[in-house]
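A.B. asks: Questions regarding the structure given below will be posed in turn.
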Amino acid sequence: MSKNVLIIGGGIIGLSSAYYLQKEGHRVTVVDQSNLDSGASYVNAGYLSPSHLIPLSAPGVMKKGLKWMFNPASPLYIKPRLDPDFLRWSWAFNKSCNQKHVEKAAPVIRDISVLSQDLMTDIKRGDGFTFHYDKKGLFMLCQTEKMLEEEVKIAEYAKELGLVAKEVNQDEIKLMEPNAKINAIGAAYFECDHHSTPHEFMTELKRHLTNAGVKIFSNEKVEDIKIKNGKIDSVKTSKQTFNVDEVVMSAGSWSGILAKKLGIKLLLQAGKGYRINTERPTGITIPAILAEAKAAVTPMNGFTRFAGTMEIAGINHNINKVRVDAIAEAATQYYPDVKLTVEEKNEAACGLRPVTPDGLPYIGRSEKCNNLTIAAGHAMMGWSMSTATGKLVSEIISEQKTSLQLEPFSPDRKF
Ligand SMILES: Cc1cc2nc3c(=O)[nH]c(=O)nc-3n(C[C@H](O)[C@H](O)[C@H](O)COP(=O)(O)OP(=O)(O)OC[C@H]3O[C@@H](n4cnc5c(N)ncnc54)[C@H](O)[C@@H]3O)c2cc1C
């Protein structure tokens, strides 16, 4: 049965949901408070990386966060605040930082990321899309023995879970990446990973959806949601009111604020990250994570992107120059010939990752509302999990058997 579906938020998760819902024959509208050209879905590193099996909430992360609190250039920053939502989130995050949780989450992360890669491949093949999408794997470049040992251990674990990964030495790195000087003692190489140029896919997706009849409204903020008998009846934006059969909440880091209007407690914090682009040649052809510096490097279509930092400090888009400089310095430490200019650093942009306490997104219905599907909280993996999330959302609303078990993603789960 064709339904009238309103999607709140037109980032990668909202647009992917629109893609599969429209394909199923639903009447779809997307509404977004922004101009639909910035934020996390545009500044990300473009990885579709099942290799990121270990959720942020892993053993030792809270301790690291506390240690780094006083380092202005650290890649992870958790700003202490007396806000009850932040305190609830911190408590739940800390509780999830254990090995048992990692072992439970890793196969779930693998399955949704691998499904997403397959679906992205289908989209690129089938619908006249031309966006850049490459399958060159990913290096975890290491400069210290200790880090290399840790990363090789993760590669072994990834292999146990069926992913293709191996250790590579300096000579092998040189052979694989002959035109970029690299300062690393070795790496874990995840052949299973793919990468893309985010703004290309976003632009083509918007064009495809508009041509297919999906209505997309930008610069329109959802202000109120009316519930009648446990169902959303209408959604009021800054410009109009929509009557709906179904609502998808894919408002990224803002989803917690919207969920509150419905009496749903969605633990979610914004994790800010930055990107710097250079259009000058770098010789880099294989994506890499600079393991000690926790920065990401991606050869995109026509430029190289350097991205990083996770600043959990509320919803704001302030650019912290010290952290931008730290990403640029890390780039030079690992790629001595890469020196990002003041102009390139001045053009750095940021985006907010929606971070749940346990590193898994919220995908599914809440018991509190019959016609709402939540799809938010993908943190560092929103690009990797995007198409599979969209497909799951469509399957939920179309009342079909879902491609993956939804229980680990339940918005009502306890931490
Ligand atoms: C620097 C950086 C690097 C990253 N690298 C990667 C990577 O390589 N691979 C990966 O998988 N992930 C990566 N990520 C994470 C990924 O980008 C995010 O998980 C993903 O973009 C989140 O998508 P989203 O659609 O949920 O949220 P968003 O892109 O934030 O979209 C949410 C939308 O909702 C809209 N909205 C909010 N409130 C309202 C309202 N009241 N009314 C109307 N509209 C509203 C917002 O305007 C926004 O457009 C990275 C993120 C950053 C910041």
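Every chain in the structure tokens takes a letter, A first, then B, and so on in the order presented; its residues are numbered from 1, and the ligands are numbered from 1 following the presented order.
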With a distance cut-off of 8 Å and only C-alpha atoms, select the neighbouring residues of segment 372-389 of chain A, excluding the residue or stretch itself and same-chain residues fewer than 4 positions from it, and output the selection as a compact mmCIF listing (two decimals) with C-alpha atoms, in the first residue's frame.
C.D. replies:
```txt
# COMPACT_ATOMS: atom_id res chain seq x y z
CA ILE A 12 22.66 10.86 3.71
CA ILE A 13 20.36 8.82 5.96
CA GLY A 14 17.21 10.76 5.00
CA SER A 16 18.90 7.00 1.30
CA SER A 17 15.57 6.32 3.02
CA SER A 41 26.98 14.19 5.01
CA ASN A 44 32.89 13.18 5.76
CA GLY A 46 33.65 9.08 2.23
CA TYR A 47 34.63 5.64 3.56
CA LEU A 48 32.35 2.66 3.27
CA SER A 49 34.43 0.75 5.74
CA PRO A 50 33.34 -2.53 7.34
CA HIS A 52 35.63 0.05 11.44
CA ILE A 112 25.13 -3.50 7.96
CA SER A 113 28.32 -2.06 6.38
CA LEU A 115 25.08 -4.77 2.94
CA SER A 116 25.52 -1.02 2.41
CA GLN A 117 28.52 -1.54 0.13
CA LEU A 119 23.59 -1.65 -2.21
CA MET A 120 25.84 1.28 -3.15
CA LYS A 231 0.25 8.20 15.99
CA ILE A 232 1.75 11.28 14.40
CA GLU A 246 4.37 7.81 8.27
CA VAL A 247 7.30 9.89 9.50
CA VAL A 248 11.02 9.09 9.27
CA MET A 249 13.18 10.89 11.80
CA SER A 250 16.62 11.20 10.21
CA ALA A 251 17.63 14.54 11.66
CA GLY A 252 21.17 13.45 12.56
CA SER A 253 22.50 15.11 15.71
CA SER A 255 17.12 13.83 16.39
CA LEU A 268 22.49 11.22 21.38
CA GLY A 271 30.50 14.70 17.73
CA ARG A 353 28.23 13.12 13.83
CA PRO A 354 25.21 11.85 15.76
CA VAL A 355 26.81 9.66 18.46
CA THR A 356 24.86 7.03 20.41
CA GLY A 359 28.28 2.90 18.69
CA LEU A 360 25.21 1.40 16.97
CA PRO A 361 22.63 3.57 15.24
CA TYR A 362 18.94 3.79 16.11
CA ILE A 363 16.95 2.19 13.28
CA GLY A 364 13.37 1.19 13.85
CA ARG A 365 10.12 2.03 15.54
CA SER A 366 9.72 3.19 19.10
CA VAL A 393 13.60 2.05 6.79
CA ILE A 396 9.83 -1.29 8.01
CA ILE A 397 7.37 1.17 6.48
CA PRO A 411 15.55 3.04 19.60
```
A.B. asks: Got a sec: who's within 8 Å of segment 275-280 of chain A, counting only C-alpha atoms, leaving out chain neighbours fewer than 3 positions off, as a PDB file with N, CA and C atoms, in the first residue's frame?
C.D. replies:
```pdb
ATOM      1  N   VAL A  43      30.953  16.699   4.573  1.00  0.00           N
ATOM      2  CA  VAL A  43      32.367  16.861   4.943  1.00  0.00           C
ATOM      3  C   VAL A  43      33.052  15.535   5.285  1.00  0.00           C
ATOM      4  N   ASN A  44      32.300  14.436   5.251  1.00  0.00           N
ATOM      5  CA  ASN A  44      32.886  13.185   5.765  1.00  0.00           C
ATOM      6  C   ASN A  44      33.991  12.646   4.853  1.00  0.00           C
ATOM      7  N   ALA A  45      34.668  11.617   5.349  1.00  0.00           N
ATOM      8  CA  ALA A  45      35.829  11.069   4.635  1.00  0.00           C
ATOM      9  C   ALA A  45      35.427  10.110   3.511  1.00  0.00           C
ATOM     10  N   GLY A 302      39.288  14.616  -7.830  1.00  0.00           N
ATOM     11  CA  GLY A 302      39.814  15.959  -8.088  1.00  0.00           C
ATOM     12  C   GLY A 302      40.489  16.624  -6.903  1.00  0.00           C
ATOM     13  N   PHE A 303      40.492  15.979  -5.742  1.00  0.00           N
ATOM     14  CA  PHE A 303      41.148  16.547  -4.567  1.00  0.00           C
ATOM     15  C   PHE A 303      41.430  15.459  -3.531  1.00  0.00           C
ATOM     16  N   THR A 304      42.278  15.808  -2.549  1.00  0.00           N
ATOM     17  CA  THR A 304      42.517  14.879  -1.430  1.00  0.00           C
ATOM     18  C   THR A 304      41.910  15.500  -0.183  1.00  0.00           C
ATOM     19  N   ARG A 305      41.227  14.680   0.602  1.00  0.00           N
ATOM     20  CA  ARG A 305      40.586  15.182   1.835  1.00  0.00           C
ATOM     21  C   ARG A 305      41.303  14.626   3.067  1.00  0.00           C
ATOM     22  N   PHE A 306      41.529  15.500   4.039  1.00  0.00           N
ATOM     23  CA  PHE A 306      42.083  15.110   5.345  1.00  0.00           C
ATOM     24  C   PHE A 306      40.994  15.424   6.368  1.00  0.00           C
ATOM     25  N   ALA A 307      40.640  14.442   7.186  1.00  0.00           N
ATOM     26  CA  ALA A 307      39.509  14.658   8.108  1.00  0.00           C
ATOM     27  C   ALA A 307      39.840  14.094   9.477  1.00  0.00           C
ATOM     28  N   GLY A 308      39.166  14.625  10.479  1.00  0.00           N
ATOM     29  CA  GLY A 308      39.391  14.067  11.808  1.00  0.00           C
ATOM     30  C   GLY A 308      38.753  14.852  12.933  1.00  0.00           C
ATOM     31  N   VAL A 324      42.041  21.967  13.722  1.00  0.00           N
ATOM     32  CA  VAL A 324      42.260  21.939  12.264  1.00  0.00           C
ATOM     33  C   VAL A 324      43.763  21.850  11.993  1.00  0.00           C
ATOM     34  N   ALA A 328      46.187  19.002   9.973  1.00  0.00           N
ATOM     35  CA  ALA A 328      47.159  19.355   8.914  1.00  0.00           C
ATOM     36  C   ALA A 328      48.564  18.880   9.292  1.00  0.00           C
ATOM     37  N   LEU A 340      49.787  21.329   3.931  1.00  0.00           N
ATOM     38  CA  LEU A 340      48.536  22.047   3.661  1.00  0.00           C
ATOM     39  C   LEU A 340      48.746  23.541   3.904  1.00  0.00           C
ATOM     40  N   GLU A 344      44.118  26.635   2.542  1.00  0.00           N
ATOM     41  CA  GLU A 344      43.386  25.361   2.615  1.00  0.00           C
ATOM     42  C   GLU A 344      42.844  25.144   4.032  1.00  0.00           C
ATOM     43  N   LYS A 345      43.659  25.503   5.023  1.00  0.00           N
ATOM     44  CA  LYS A 345      43.202  25.327   6.415  1.00  0.00           C
ATOM     45  C   LYS A 345      42.073  26.314   6.740  1.00  0.00           C
ATOM     46  N   GLU A 347      39.847  27.208   4.826  1.00  0.00           N
ATOM     47  CA  GLU A 347      38.599  26.738   4.205  1.00  0.00           C
ATOM     48  C   GLU A 347      38.087  25.444   4.838  1.00  0.00           C
ATOM     49  N   ALA A 348      38.650  25.075   5.957  1.00  0.00           N
ATOM     50  CA  ALA A 348      38.197  23.847   6.638  1.00  0.00           C
ATOM     51  C   ALA A 348      36.706  23.983   6.968  1.00  0.00           C
ATOM     52  N   ALA A 349      36.009  22.855   6.909  1.00  0.00           N
ATOM     53  CA  ALA A 349      34.575  22.853   7.247  1.00  0.00           C
ATOM     54  C   ALA A 349      34.329  21.751   8.272  1.00  0.00           C
ATOM     55  N   CYS A 350      33.197  21.863   8.966  1.00  0.00           N
ATOM     56  CA  CYS A 350      32.920  20.848   9.995  1.00  0.00           C
ATOM     57  C   CYS A 350      31.533  20.240   9.822  1.00  0.00           C
TER      58      CYS A 350
END
```
A.B. asks: Do you have the atom CA of Glu223 of chain A-atom CA of Leu6 of chain A distance handy?
C.D. replies: 13.9 Å
A.B. asks: Could you state the separation of atom CA of Asp127 of chain A and atom 19 (O, counted along the ligand's line) of ligand 1 in Å, given to one decimal place?
C.D. replies: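 Value for the atom CA of Asp127 of chain A-atom 19 (O, counted along the ligand's line) of ligand 1 distance: 24.0 Å.
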A.B. asks: In Å, with one decimal, what is the gap from atom CA of Lys221 of chain A to atom CA of Glu204 of chain A?
C.D. replies: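 Those two atoms sit 23.2 Å apart.
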A.B. asks: Of the candidates A:Thr298, A:Ser398, A:Asn71, A:Asn316, which one gets nearest to ligand 1 if we count only C-alpha atoms and all ligand atoms?
C.D. replies: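 Among A:Thr298, A:Ser398, A:Asn71, A:Asn316, it is A:Thr298 that comes nearest to ligand 1.
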A.B. asks: Return as JSON, numbers by chain the full set of residues in segment 228-285 of chain A whose backbone-based DSSP assignment is strand (DSSP E or B).
C.D. replies: {"A": [228, 231, 232, 233, 234, 235, 236, 237, 241, 242, 243, 246, 247, 248, 249, 269, 270, 271, 272, 273, 274, 275, 276, 277, 278]}
A.B. asks: Give me the residues within 9 Å of Leu290 of chain A as a ChimeraX atom specification, counting only C-alpha atoms and dropping any in the same chain fewer than 4 places off.
C.D. replies: /A:139-143,294-297,330-331,334
A.B. asks: So which residues touch Ser403 of chain A within 8 Å, counting only C-alpha atoms, skipping near sequence neighbours fewer than 4 positions away, as a list in words?
C.D. replies: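 Non-adjacent residues within range: Lys391, Leu392 and Glu395 of chain A.
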A.B. asks: Grab the residues selected above and save them as an mmCIF file, in the first residue's frame with N, CA and C atoms.
C.D. replies:
```cif
data_model
loop_
_atom_site.group_PDB
_atom_site.id
_atom_site.type_symbol
_atom_site.label_atom_id
_atom_site.label_comp_id
_atom_site.auth_asym_id
_atom_site.auth_seq_id
_atom_site.Cartn_x
_atom_site.Cartn_y
_atom_site.Cartn_z
ATOM 1 N N LYS A 391 17.374 1.165 3.197
ATOM 2 C CA LYS A 391 16.625 -0.040 2.790
ATOM 3 C C LYS A 391 15.811 -0.576 3.975
ATOM 4 N N LEU A 392 16.432 -0.596 5.159
ATOM 5 C CA LEU A 392 15.718 -1.092 6.341
ATOM 6 C C LEU A 392 14.503 -0.205 6.636
ATOM 7 N N GLU A 395 11.827 -1.053 4.294
ATOM 8 C CA GLU A 395 11.219 -2.359 4.608
ATOM 9 C C GLU A 395 10.284 -2.259 5.823
#
```
A.B. asks: For segment 179-192 of chain A, please output as a VMD selection string all residues within 9 Å (counting only C-alpha atoms; exclusion window: fewer than 5 positions along the same chain).
C.D. replies: chain A and resid 49 to 51 114 135 to 145 148 151 to 155 158 163 to 174 282 to 285 288 291 333 to 338
A.B. asks: Go through A:Lys159, A:Lys3, A:Lys124, A:His194 and flag the residue nearest Gly25 of chain A, using only C-alpha atoms for the distances.
C.D. replies: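 With only C-alpha atoms as the atom set, the closest residue is A:Lys3.
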A.B. asks: Check segment 215-347 of chain A with DSSP on the backbone and list each residue it calls helix (DSSP H, G or I), as an MDAnalysis selection string.
C.D. replies: chainID A and resid 252:260 321:334 342:346
A.B. asks: I'd like the neighbourhood of Lys63 of chain A as JSON, numbers by chain, where a residue qualifies if any of its atoms comes within 12 Å (using only C-alpha atoms), though same-chain residues fewer than 3 positions away should be ignored.
C.D. replies: {"A": [57, 58, 59, 60, 66, 67, 68, 69, 76, 77, 78, 93, 94, 97, 98]}
A.B. asks: Taking N, CA, C and O atoms for each residue, export the selection above as a PDB file, in the first residue's frame.
C.D. replies:
```pdb
ATOM      1  N   SER A  57      32.609   3.236  21.596  1.00  0.00           N
ATOM      2  CA  SER A  57      32.533   2.834  23.004  1.00  0.00           C
ATOM      3  C   SER A  57      33.279   1.518  23.197  1.00  0.00           C
ATOM      4  O   SER A  57      32.671   0.459  23.288  1.00  0.00           O
ATOM      5  N   ALA A  58      34.597   1.592  23.194  1.00  0.00           N
ATOM      6  CA  ALA A  58      35.448   0.412  23.364  1.00  0.00           C
ATOM      7  C   ALA A  58      36.238   0.570  24.662  1.00  0.00           C
ATOM      8  O   ALA A  58      36.361   1.686  25.182  1.00  0.00           O
ATOM      9  N   PRO A  59      36.807  -0.540  25.183  1.00  0.00           N
ATOM     10  CA  PRO A  59      37.554  -0.433  26.440  1.00  0.00           C
ATOM     11  C   PRO A  59      38.625   0.652  26.363  1.00  0.00           C
ATOM     12  O   PRO A  59      39.329   0.763  25.363  1.00  0.00           O
ATOM     13  N   GLY A  60      38.714   1.471  27.384  1.00  0.00           N
ATOM     14  CA  GLY A  60      39.786   2.474  27.474  1.00  0.00           C
ATOM     15  C   GLY A  60      39.444   3.821  26.847  1.00  0.00           C
ATOM     16  O   GLY A  60      40.154   4.794  27.064  1.00  0.00           O
ATOM     17  N   LEU A  66      39.040  11.339  29.042  1.00  0.00           N
ATOM     18  CA  LEU A  66      39.307  12.143  30.248  1.00  0.00           C
ATOM     19  C   LEU A  66      40.731  12.702  30.200  1.00  0.00           C
ATOM     20  O   LEU A  66      40.981  13.857  30.517  1.00  0.00           O
ATOM     21  N   LYS A  67      41.678  11.868  29.741  1.00  0.00           N
ATOM     22  CA  LYS A  67      43.087  12.293  29.658  1.00  0.00           C
ATOM     23  C   LYS A  67      43.253  13.422  28.642  1.00  0.00           C
ATOM     24  O   LYS A  67      44.011  14.372  28.857  1.00  0.00           O
ATOM     25  N   TRP A  68      42.510  13.305  27.542  1.00  0.00           N
ATOM     26  CA  TRP A  68      42.668  14.268  26.445  1.00  0.00           C
ATOM     27  C   TRP A  68      41.885  15.569  26.667  1.00  0.00           C
ATOM     28  O   TRP A  68      41.980  16.501  25.884  1.00  0.00           O
ATOM     29  N   MET A  69      41.077  15.584  27.735  1.00  0.00           N
ATOM     30  CA  MET A  69      40.206  16.731  27.980  1.00  0.00           C
ATOM     31  C   MET A  69      40.989  18.049  28.046  1.00  0.00           C
ATOM     32  O   MET A  69      40.495  19.113  27.740  1.00  0.00           O
ATOM     33  N   LEU A  76      40.184  13.350  20.281  1.00  0.00           N
ATOM     34  CA  LEU A  76      38.894  13.104  20.951  1.00  0.00           C
ATOM     35  C   LEU A  76      38.761  14.097  22.101  1.00  0.00           C
ATOM     36  O   LEU A  76      39.668  14.232  22.920  1.00  0.00           O
ATOM     37  N   TYR A  77      37.624  14.790  22.134  1.00  0.00           N
ATOM     38  CA  TYR A  77      37.413  15.763  23.204  1.00  0.00           C
ATOM     39  C   TYR A  77      35.979  15.618  23.711  1.00  0.00           C
ATOM     40  O   TYR A  77      35.027  15.724  22.933  1.00  0.00           O
ATOM     41  N   ILE A  78      35.840  15.365  24.987  1.00  0.00           N
ATOM     42  CA  ILE A  78      34.502  15.297  25.578  1.00  0.00           C
ATOM     43  C   ILE A  78      34.396  16.455  26.564  1.00  0.00           C
ATOM     44  O   ILE A  78      35.097  16.479  27.580  1.00  0.00           O
ATOM     45  N   PHE A  93      27.409   5.705  27.822  1.00  0.00           N
ATOM     46  CA  PHE A  93      28.609   5.493  26.985  1.00  0.00           C
ATOM     47  C   PHE A  93      29.656   4.735  27.790  1.00  0.00           C
ATOM     48  O   PHE A  93      30.214   3.731  27.339  1.00  0.00           O
ATOM     49  N   ASN A  94      29.896   5.211  28.998  1.00  0.00           N
ATOM     50  CA  ASN A  94      30.903   4.582  29.865  1.00  0.00           C
ATOM     51  C   ASN A  94      30.558   3.106  30.100  1.00  0.00           C
ATOM     52  O   ASN A  94      31.418   2.235  30.071  1.00  0.00           O
ATOM     53  N   CYS A  97      31.604   0.842  27.256  1.00  0.00           N
ATOM     54  CA  CYS A  97      33.039   0.719  26.929  1.00  0.00           C
ATOM     55  C   CYS A  97      33.622  -0.572  27.503  1.00  0.00           C
ATOM     56  O   CYS A  97      34.429  -0.543  28.433  1.00  0.00           O
ATOM     57  N   ASN A  98      33.195  -1.724  26.994  1.00  0.00           N
ATOM     58  CA  ASN A  98      33.765  -2.981  27.486  1.00  0.00           C
ATOM     59  C   ASN A  98      33.871  -4.000  26.357  1.00  0.00           C
ATOM     60  O   ASN A  98      33.209  -3.877  25.326  1.00  0.00           O
TER      61      ASN A  98
END
```
A.B. asks: List the neighbours of Phe415 of chain A out to 8 Å using only C-alpha atoms; skip same-chain residues closer than 3 positions along the sequence, and give me the result as a list in words.
C.D. replies: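 So, after excluding close chain neighbours, the residues are Ala92, Lys95, Ser96, Pro357 and Asp358 of chain A.
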A.B. asks: Could the residues in this selection be saved with C-alpha atoms as a short mmCIF file (atom, residue, chain, number, x, y, z; two decimals), in the first residue's frame?
C.D. replies:
```cif
data_model
loop_
_atom_site.label_atom_id
_atom_site.label_comp_id
_atom_site.auth_asym_id
_atom_site.auth_seq_id
_atom_site.Cartn_x
_atom_site.Cartn_y
_atom_site.Cartn_z
CA ALA A 92 25.49 5.01 29.16
CA LYS A 95 28.80 1.47 30.54
CA SER A 96 29.23 0.36 26.90
CA PRO A 357 26.25 5.62 23.67
CA ASP A 358 26.99 2.17 22.21
#
```
